[in-house]
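Okay, so here's the structure we're looking at.
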Amino acid sequence: MENIVQFPGLGLEFSLRNSLSLGPITLSYYGMIIALGLLLGLIYAFKNFKKVGVDSDKAIDCILGGIIGGIIGARLYYVAFSWSDYGLDFSSFDAFWSTFSRIFKTWEGGMAIYGGLIGALIVGVLIARWRKINVKALLDVIGIGFLIGQGVGRWGNFFNVEAFGSNTTLPWGMTGPSIVNYLSSKREYLASVGVTVDPNLPVHPTFLYESLWCLLGFALLAVYLKHRKFDGEVFLMYLAYYGAGRFIIEGLRTDSLMIGALRVSQVLAAVLVFSSVLFILIIRSRIKGNNDENYLKLFVKTDEGLRIAQGIKEESVGKEIDANNPKEDTFADEETVVLSDDVVEEAVEADFEETEEQIVTDEGEEKHNG
């Protein structure tokens with residue numbers, strides 16, 4: 001199926017297909033672009049985990065779990081706030097299954113970013129705690145990766161001809177048969193929530209606005225990462241930055257998820273901006289007033305974080321020392337020995353006492369010989 005998208009003010013027209021057929025396999029452009037955004041985000045994350053003291057091997061579990069949680073969360077969020085579009089038909093089993101199965105057809109569109117973020121964070125954080133990863137440091141890198149994924153992924157909406165806004169006279173306004181049909185069918189509903197549209201006029205390409213906003217945010221936060229004052233600061237900045245842009249862009253859209261007259265994503269964006277900025281100001285104030293360089297010290301500057309950043313792996317104790325012949329070591333395996341501070345201290349004290357006794361003996365022998 002082809003969709004025509006036009007940008008009259010720019011003299012541009014695109015004929016778009018929403019899927020690609022490779023023999024018996026059909027791939028949706030929406031899904032492929034989302035996957036590309038995810039891949040680019042992962043590449044960035046794995047190249048930068050060590051910079052914040054996160055073991056990339058352990059982080060893989062969090063990423064995989066987060067992806068699954070994100071997909072489920074994005075779909076559930078969308079379906080929950082669009083339930084009227086997914087009415088179930090109980091007249092027969094076939095009718096029920098036909099309507100119910102639509103809930104799982106994510107390739108047709110209908111994924112809410114906020115739901116994806118919530119799902120990914122819940123699952124990812126739980127796994128991070130299980131794997132004993134510093135969660136706040138992990139989120140600093142993940143937040144920047146999110147911006148790449150969102151910036152690229154929004155182009156999936158372009159191929160599906162969705163996520164556009166109300167009318168505009170700006171030169172980059174877009175239109176097309178699918179847009180005209182959608183606005184015509186939703187005109188009365190949009191008027192009921194205070195949005196007046198003319199289906200025959202160009203509309204805001206809000207998917208483009210959000211894509212550019214996210215990619216700019218990625219560049220800014222990627223530069224700031226090495227200057228952050230505490231673990232978790234960059235992630236809070238991500239929430240505030242994305243929320244600020246989403247609040248404005250959501251107000252232009254014609255497909256917002258609604259609760260009464262309120263746009264769900266706009267309300268959530270406002271909450272995120274306010275709470276994130278407040279947390280950043282409070283934590284920075286406490287750091288400044290504490291006058292202790294170790295207060296909320298970055299994890300990567302701790303002994304454990306520095307070890308991870310330098311690529312030094314944890315090693316199990318595997319060396320046994322023969323007490324009767326210290327020069328001959330017996331290894332339980334080929335791992336390097338890691339001795340505790342107490343063991344080292346006892347060895348040093350024993351060596352000192354042995355040296356002291358030897359000195360006393362030597363002095364006694366010198367007096368005897370003299």
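In the structure tokens, each chain is lettered A, B, ... as it comes, each chain's residues begin at 1, and ligands are numbered from 1 in order of appearance.
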Query - Residues within 7 Å of A:Gly243, only C-alpha atoms, excluding chain neighbours under 5 positions, as a PyMOL selection string - result: chain A and resi 269-270+272-273
Selected residues, C-alpha atoms, written as a tab-separated table (two decimals), in the first residue's frame, please.
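Output file again27.tsv follows:
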```tsv
chain	number	residue	atom	x	y	z
A	269	ALA	CA	5.65	15.74	30.50
A	270	ALA	CA	4.88	18.66	32.81
A	272	LEU	CA	8.60	15.10	34.64
A	273	VAL	CA	9.99	18.56	33.91
```
Requested in this report: Find the residues near A:Ala128: any atom within 8 Å, counting only C-alpha atoms, skip ones fewer than 5 places away on the same chain, and give them as a PyMOL selection string.
Outcome: chain A and resi 59+61-62+133-135
Any chance you could export the current selection's N, CA and C atoms as a tab-separated table (two decimals), in the first residue's frame?
```
chain	number	residue	atom	x	y	z
A	59	ALA	N	25.59	-5.25	32.00
A	59	ALA	CA	24.56	-4.35	31.48
A	59	ALA	C	23.74	-4.99	30.37
A	61	ASP	N	22.27	-7.81	30.30
A	61	ASP	CA	21.04	-8.37	30.86
A	61	ASP	C	19.99	-7.28	31.05
A	62	CYS	N	20.43	-6.10	31.53
A	62	CYS	CA	19.50	-4.99	31.75
A	62	CYS	C	18.92	-4.51	30.43
A	133	ILE	N	24.52	-3.64	39.71
A	133	ILE	CA	25.05	-2.55	38.90
A	133	ILE	C	24.61	-1.24	39.54
A	134	ASN	N	25.46	-0.23	39.48
A	134	ASN	CA	25.09	1.09	39.97
A	134	ASN	C	23.99	1.65	39.06
A	135	VAL	N	22.77	1.69	39.55
A	135	VAL	CA	21.62	2.02	38.72
A	135	VAL	C	21.69	3.46	38.19
```
Requested in this report: Would you kindly return, as a ChimeraX atom specification, each protein, DNA or RNA residue with an atom no farther than 12 Å from any atom of A:Leu239, considering only C-alpha atoms and excluding same-chain residues fewer than 3 positions away?
Outcome: /A:114,117-118,139-140,142-144,146-147,214,217,221,232-236,242-247,268-280
Query raised in the report: Looking at A:Leu42, A:Ile282, A:Val161, A:Leu121, which one is nearest to A:Glu2, with distances taken over only C-alpha atoms?
Result: A:Val161
Query - Within 9 Å of A:Gly176 using only C-alpha atoms, minus same-chain residues under 3 positions, as a list in words - result: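 In the requested form, the answer reads Asn3, Ile4, Val5, Gln6, Phe7, Val161, Ile179, Val180, Asn181, Asn200 and Pro202 of chain A.
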Query raised in the report: Using only C-alpha atoms, which of the listed residues (A:Asn48, A:Gln150, A:Ser28, A:Ser21) sits closest to A:Lys226?
Result: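 Selected residue with least distance to A:Lys226: A:Asn48.
Atom CA of A:Phe159 sits 18.0 Å away from atom CA of A:Pro8.
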**Report entry** Surrounding residues of A:Thr206 excluding itself and chain neighbours under 5 positions, 10 Å, only C-alpha atoms, as a PyMOL selection string
**Finding:** chain A and resi 154+157-158+162-166+173-174+211-212+246+249-254
I'd like to know which residues of stretch 118-274 of chain A are helix (DSSP H, G or I) (by DSSP, run on the backbone); could you write them as a PDB file with C-alpha atoms, in the first residue's frame?
```
ATOM      1  CA  ILE A 118       8.136   3.170  31.961  1.00  0.00           C
ATOM      2  CA  GLY A 119       8.248  -0.500  30.962  1.00  0.00           C
ATOM      3  CA  ALA A 120      11.944  -0.406  30.067  1.00  0.00           C
ATOM      4  CA  LEU A 121      12.887   1.348  33.305  1.00  0.00           C
ATOM      5  CA  ILE A 122      10.924  -0.986  35.570  1.00  0.00           C
ATOM      6  CA  VAL A 123      12.393  -4.153  34.085  1.00  0.00           C
ATOM      7  CA  GLY A 124      15.867  -2.715  33.493  1.00  0.00           C
ATOM      8  CA  VAL A 125      16.240  -1.320  37.010  1.00  0.00           C
ATOM      9  CA  LEU A 126      15.082  -4.557  38.628  1.00  0.00           C
ATOM     10  CA  ILE A 127      17.663  -6.527  36.644  1.00  0.00           C
ATOM     11  CA  ALA A 128      20.353  -3.930  37.416  1.00  0.00           C
ATOM     12  CA  ARG A 129      19.759  -4.368  41.141  1.00  0.00           C
ATOM     13  CA  TRP A 130      19.893  -8.130  40.767  1.00  0.00           C
ATOM     14  CA  VAL A 135      21.617   2.025  38.724  1.00  0.00           C
ATOM     15  CA  LYS A 136      22.077   5.806  38.622  1.00  0.00           C
ATOM     16  CA  ALA A 137      25.305   5.584  36.627  1.00  0.00           C
ATOM     17  CA  LEU A 138      23.648   3.109  34.259  1.00  0.00           C
ATOM     18  CA  LEU A 139      20.692   5.448  33.700  1.00  0.00           C
ATOM     19  CA  ASP A 140      22.958   8.369  32.810  1.00  0.00           C
ATOM     20  CA  VAL A 141      24.185   6.526  29.722  1.00  0.00           C
ATOM     21  CA  ILE A 142      20.832   4.899  28.967  1.00  0.00           C
ATOM     22  CA  GLY A 143      19.067   8.273  28.978  1.00  0.00           C
ATOM     23  CA  ILE A 144      21.357   9.582  26.245  1.00  0.00           C
ATOM     24  CA  GLY A 145      20.834   6.346  24.303  1.00  0.00           C
ATOM     25  CA  PHE A 146      17.060   6.870  24.590  1.00  0.00           C
ATOM     26  CA  LEU A 147      17.399  10.208  22.792  1.00  0.00           C
ATOM     27  CA  ILE A 148      19.120   8.543  19.827  1.00  0.00           C
ATOM     28  CA  GLY A 149      16.451   5.841  19.650  1.00  0.00           C
ATOM     29  CA  GLN A 150      13.620   8.361  19.876  1.00  0.00           C
ATOM     30  CA  GLY A 151      15.199  10.768  17.408  1.00  0.00           C
ATOM     31  CA  VAL A 152      15.618   8.073  14.757  1.00  0.00           C
ATOM     32  CA  GLY A 153      12.536   6.050  15.669  1.00  0.00           C
ATOM     33  CA  TRP A 155      10.772   8.553  11.338  1.00  0.00           C
ATOM     34  CA  GLY A 156       8.780   5.349  11.586  1.00  0.00           C
ATOM     35  CA  ASN A 157       5.767   7.636  12.075  1.00  0.00           C
ATOM     36  CA  PHE A 158       6.611   9.311   8.769  1.00  0.00           C
ATOM     37  CA  PHE A 159       6.331   6.017   6.876  1.00  0.00           C
ATOM     38  CA  ASN A 160       3.087   5.216   8.690  1.00  0.00           C
ATOM     39  CA  PRO A 177      -4.702  11.654   1.200  1.00  0.00           C
ATOM     40  CA  SER A 178      -4.154   9.724   4.456  1.00  0.00           C
ATOM     41  CA  ILE A 179      -3.914  12.948   6.438  1.00  0.00           C
ATOM     42  CA  VAL A 180      -7.027  14.388   4.806  1.00  0.00           C
ATOM     43  CA  ASN A 181      -9.009  11.204   5.490  1.00  0.00           C
ATOM     44  CA  TYR A 182      -7.872  11.020   9.116  1.00  0.00           C
ATOM     45  CA  LEU A 183      -8.678  14.645   9.904  1.00  0.00           C
ATOM     46  CA  SER A 184     -12.050  14.374   8.147  1.00  0.00           C
ATOM     47  CA  SER A 185     -13.012  11.353  10.251  1.00  0.00           C
ATOM     48  CA  LYS A 186     -11.779  12.940  13.500  1.00  0.00           C
ATOM     49  CA  ARG A 187     -12.951  16.492  12.861  1.00  0.00           C
ATOM     50  CA  GLU A 188     -15.939  16.419  15.198  1.00  0.00           C
ATOM     51  CA  TYR A 189     -14.038  14.638  17.956  1.00  0.00           C
ATOM     52  CA  LEU A 190     -11.139  17.092  17.713  1.00  0.00           C
ATOM     53  CA  ALA A 191     -13.559  20.008  17.901  1.00  0.00           C
ATOM     54  CA  SER A 192     -14.999  18.517  21.102  1.00  0.00           C
ATOM     55  CA  THR A 206       5.278  16.928  14.662  1.00  0.00           C
ATOM     56  CA  PHE A 207       7.195  13.670  14.190  1.00  0.00           C
ATOM     57  CA  LEU A 208       9.954  15.795  12.596  1.00  0.00           C
ATOM     58  CA  TYR A 209       9.906  18.329  15.439  1.00  0.00           C
ATOM     59  CA  GLU A 210      10.370  15.620  18.033  1.00  0.00           C
ATOM     60  CA  SER A 211      13.071  13.866  16.028  1.00  0.00           C
ATOM     61  CA  LEU A 212      15.150  17.056  15.736  1.00  0.00           C
ATOM     62  CA  TRP A 213      14.559  17.909  19.406  1.00  0.00           C
ATOM     63  CA  CYS A 214      15.782  14.482  20.530  1.00  0.00           C
ATOM     64  CA  LEU A 215      18.866  14.482  18.304  1.00  0.00           C
ATOM     65  CA  LEU A 216      19.842  17.950  19.564  1.00  0.00           C
ATOM     66  CA  GLY A 217      19.360  16.707  23.133  1.00  0.00           C
ATOM     67  CA  PHE A 218      21.580  13.719  22.421  1.00  0.00           C
ATOM     68  CA  ALA A 219      24.414  16.003  21.268  1.00  0.00           C
ATOM     69  CA  LEU A 220      24.089  18.273  24.323  1.00  0.00           C
ATOM     70  CA  LEU A 221      23.887  15.541  26.963  1.00  0.00           C
ATOM     71  CA  ALA A 222      26.632  13.438  25.355  1.00  0.00           C
ATOM     72  CA  VAL A 223      28.982  16.406  25.765  1.00  0.00           C
ATOM     73  CA  TYR A 224      27.799  17.046  29.340  1.00  0.00           C
ATOM     74  CA  LEU A 225      28.230  13.425  30.465  1.00  0.00           C
ATOM     75  CA  LYS A 226      31.843  13.897  31.568  1.00  0.00           C
ATOM     76  CA  HIS A 227      30.937  17.086  33.460  1.00  0.00           C
ATOM     77  CA  GLU A 233      22.074  13.872  36.958  1.00  0.00           C
ATOM     78  CA  VAL A 234      22.218  13.281  33.193  1.00  0.00           C
ATOM     79  CA  PHE A 235      19.177  10.994  33.359  1.00  0.00           C
ATOM     80  CA  LEU A 236      17.232  13.660  35.249  1.00  0.00           C
ATOM     81  CA  MET A 237      18.330  16.165  32.603  1.00  0.00           C
ATOM     82  CA  TYR A 238      17.087  13.772  29.924  1.00  0.00           C
ATOM     83  CA  LEU A 239      13.661  13.571  31.586  1.00  0.00           C
ATOM     84  CA  ALA A 240      13.459  17.359  31.923  1.00  0.00           C
ATOM     85  CA  TYR A 241      14.736  18.047  28.405  1.00  0.00           C
ATOM     86  CA  TYR A 242      12.543  15.501  26.643  1.00  0.00           C
ATOM     87  CA  GLY A 243       9.560  16.453  28.786  1.00  0.00           C
ATOM     88  CA  ALA A 244       9.896  20.153  27.923  1.00  0.00           C
ATOM     89  CA  GLY A 245       9.944  19.451  24.193  1.00  0.00           C
ATOM     90  CA  ARG A 246       7.177  16.880  24.386  1.00  0.00           C
ATOM     91  CA  PHE A 247       4.930  19.257  26.360  1.00  0.00           C
ATOM     92  CA  ILE A 248       5.041  21.820  23.542  1.00  0.00           C
ATOM     93  CA  ILE A 249       4.922  19.361  20.629  1.00  0.00           C
ATOM     94  CA  GLU A 250       2.092  17.339  22.174  1.00  0.00           C
ATOM     95  CA  VAL A 264      -2.076  12.361  28.887  1.00  0.00           C
ATOM     96  CA  SER A 265       1.441  12.810  27.529  1.00  0.00           C
ATOM     97  CA  GLN A 266       1.347  16.566  28.068  1.00  0.00           C
ATOM     98  CA  VAL A 267       0.398  16.172  31.713  1.00  0.00           C
ATOM     99  CA  LEU A 268       3.075  13.531  32.256  1.00  0.00           C
ATOM    100  CA  ALA A 269       5.647  15.740  30.498  1.00  0.00           C
ATOM    101  CA  ALA A 270       4.882  18.655  32.807  1.00  0.00           C
ATOM    102  CA  VAL A 271       5.252  16.432  35.878  1.00  0.00           C
ATOM    103  CA  LEU A 272       8.602  15.098  34.642  1.00  0.00           C
ATOM    104  CA  VAL A 273       9.994  18.563  33.908  1.00  0.00           C
ATOM    105  CA  PHE A 274       8.997  19.971  37.291  1.00  0.00           C
TER     106      PHE A 274
END
```
Query - Pairwise distance for atom CA of A:Thr168 and atom CA of A:Asp198, rounded to one decimal in Å - result: 10.1 Å
Requested in this report: Run DSSP on the backbone of this structure and report the residues of stretch 16-112 of chain A it assigns to strand (DSSP E), as number ranges by chain.
Outcome: A: 16-17, 19-22, 25-28
Given the selection you just returned, output its residues as a file containing N, CA and C atoms, formatted as a compact mmCIF listing (two decimals), in the first residue's frame.
```txt
# COMPACT_ATOMS: atom_id res chain seq x y z
N LEU A 16 5.19 6.73 -0.35
CA LEU A 16 5.73 5.87 0.70
C LEU A 16 5.01 4.53 0.78
N ARG A 17 5.78 3.51 0.99
CA ARG A 17 5.24 2.19 1.33
C ARG A 17 5.52 1.95 2.81
N SER A 19 5.79 -1.05 4.13
CA SER A 19 6.43 -2.35 4.36
C SER A 19 7.29 -2.73 3.17
N LEU A 20 8.18 -3.69 3.42
CA LEU A 20 9.10 -4.20 2.40
C LEU A 20 8.95 -5.71 2.34
N SER A 21 8.72 -6.23 1.13
CA SER A 21 8.54 -7.68 0.96
C SER A 21 9.82 -8.31 0.43
N LEU A 22 10.29 -9.33 1.14
CA LEU A 22 11.46 -10.11 0.72
C LEU A 22 11.02 -11.56 0.60
N ILE A 25 8.70 -13.05 3.32
CA ILE A 25 8.85 -12.23 4.52
C ILE A 25 8.45 -10.79 4.22
N THR A 26 7.63 -10.22 5.10
CA THR A 26 7.23 -8.83 4.99
C THR A 26 7.74 -8.07 6.21
N LEU A 27 8.52 -7.03 5.96
CA LEU A 27 9.08 -6.21 7.03
C LEU A 27 8.48 -4.81 6.97
N SER A 28 7.98 -4.34 8.09
CA SER A 28 7.43 -2.98 8.11
C SER A 28 8.54 -1.97 8.30
```
Query raised in the report: Which residue gives the smallest distance to A:Arg284 among A:Asn18, A:Lys229, A:Pro205, A:Pro199, with only C-alpha atoms counted?
Result: A:Lys229
So that I can see what lies close to A:Lys50, please list as a short mmCIF file (atom, residue, chain, number, x, y, z; two decimals) with C-alpha atoms, in the first residue's frame the residues with an atom at most 12 Å from it, counting only C-alpha atoms and leaving out residues fewer than 4 positions away in the same chain.
```cif
data_model
loop_
_atom_site.label_atom_id
_atom_site.label_comp_id
_atom_site.auth_asym_id
_atom_site.auth_seq_id
_atom_site.Cartn_x
_atom_site.Cartn_y
_atom_site.Cartn_z
CA TYR A 44 26.41 4.50 22.03
CA ALA A 45 25.61 2.94 25.40
CA PHE A 46 28.11 0.09 25.15
CA VAL A 54 29.30 0.19 34.52
CA ASP A 55 30.34 -3.33 33.54
CA SER A 56 29.05 -3.72 29.98
CA ASP A 57 28.86 -7.52 30.33
CA LYS A 58 26.40 -7.19 33.21
CA ALA A 59 24.56 -4.35 31.48
CA ILE A 133 25.05 -2.55 38.90
CA ASN A 134 25.09 1.09 39.97
CA ALA A 137 25.30 5.58 36.63
CA LEU A 138 23.65 3.11 34.26
CA ASP A 140 22.96 8.37 32.81
CA VAL A 141 24.18 6.53 29.72
CA LYS A 226 31.84 13.90 31.57
CA PHE A 299 30.74 5.92 41.21
CA VAL A 300 33.43 5.87 38.52
CA LYS A 301 35.77 7.67 40.95
CA GLU A 304 35.14 -0.36 42.33
CA GLY A 305 34.06 2.04 39.61
CA LEU A 306 37.66 2.83 38.68
CA ARG A 307 38.44 -0.88 38.41
CA ILE A 308 35.55 -1.31 35.95
CA ALA A 309 36.53 1.81 34.00
CA GLN A 310 40.08 0.49 33.61
CA GLY A 311 38.78 -2.89 32.43
CA ILE A 312 40.12 -4.86 35.41
#
```
Query raised in the report: Can you list, as a PyMOL selection string, every protein, DNA or RNA residue that comes within 10 Å of stretch 78-80 of chain A when you count only C-alpha atoms, leaving out same-chain residues fewer than 4 positions away?
Result: chain A and resi 73-74+84-86+102-104+109-116+257
Got time to write the residues from that selection, N, CA and C atoms, as a tab-separated table (two decimals), in the first residue's frame?
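Okay, part-v4.tsv is ready:
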```
chain	number	residue	atom	x	y	z
A	73	GLY	N	5.44	-2.32	27.55
A	73	GLY	CA	4.93	-1.10	28.17
A	73	GLY	C	4.39	-0.11	27.15
A	74	ALA	N	5.09	0.05	26.02
A	74	ALA	CA	4.65	1.00	24.99
A	74	ALA	C	3.28	0.60	24.42
A	84	SER	N	-11.21	2.39	23.51
A	84	SER	CA	-12.43	2.47	22.69
A	84	SER	C	-12.18	2.03	21.25
A	85	ASP	N	-10.91	2.08	20.82
A	85	ASP	CA	-10.57	1.64	19.47
A	85	ASP	C	-10.33	0.14	19.39
A	86	TYR	N	-10.35	-0.53	20.54
A	86	TYR	CA	-10.06	-1.97	20.58
A	86	TYR	C	-11.22	-2.74	21.20
A	102	ARG	N	-5.78	-7.73	17.54
A	102	ARG	CA	-5.32	-6.41	17.11
A	102	ARG	C	-4.44	-5.75	18.17
A	103	ILE	N	-4.62	-6.13	19.43
A	103	ILE	CA	-3.83	-5.55	20.52
A	103	ILE	C	-2.35	-5.84	20.33
A	104	PHE	N	-2.04	-6.99	19.71
A	104	PHE	CA	-0.65	-7.42	19.58
A	104	PHE	C	0.01	-6.99	18.27
A	109	GLY	N	1.49	0.16	14.12
A	109	GLY	CA	1.58	1.43	14.83
A	109	GLY	C	0.88	1.34	16.17
A	110	GLY	N	0.87	2.44	16.90
A	110	GLY	CA	0.20	2.44	18.19
A	110	GLY	C	1.12	2.04	19.32
A	111	MET	N	2.28	2.71	19.39
A	111	MET	CA	3.22	2.48	20.49
A	111	MET	C	3.46	3.83	21.17
A	112	ALA	N	3.27	3.88	22.46
A	112	ALA	CA	3.44	5.14	23.20
A	112	ALA	C	4.82	5.18	23.84
A	113	ILE	N	5.58	6.23	23.52
A	113	ILE	CA	6.95	6.33	24.02
A	113	ILE	C	7.00	6.34	25.54
A	114	TYR	N	6.10	7.07	26.16
A	114	TYR	CA	6.13	7.12	27.63
A	114	TYR	C	5.88	5.74	28.23
A	115	GLY	N	4.98	4.98	27.63
A	115	GLY	CA	4.76	3.62	28.12
A	115	GLY	C	5.99	2.77	27.95
A	116	GLY	N	6.69	2.97	26.81
A	116	GLY	CA	7.92	2.23	26.57
A	116	GLY	C	8.99	2.58	27.59
A	257	LEU	N	-3.38	10.89	23.16
A	257	LEU	CA	-4.17	10.06	24.06
A	257	LEU	C	-4.76	10.98	25.12
```
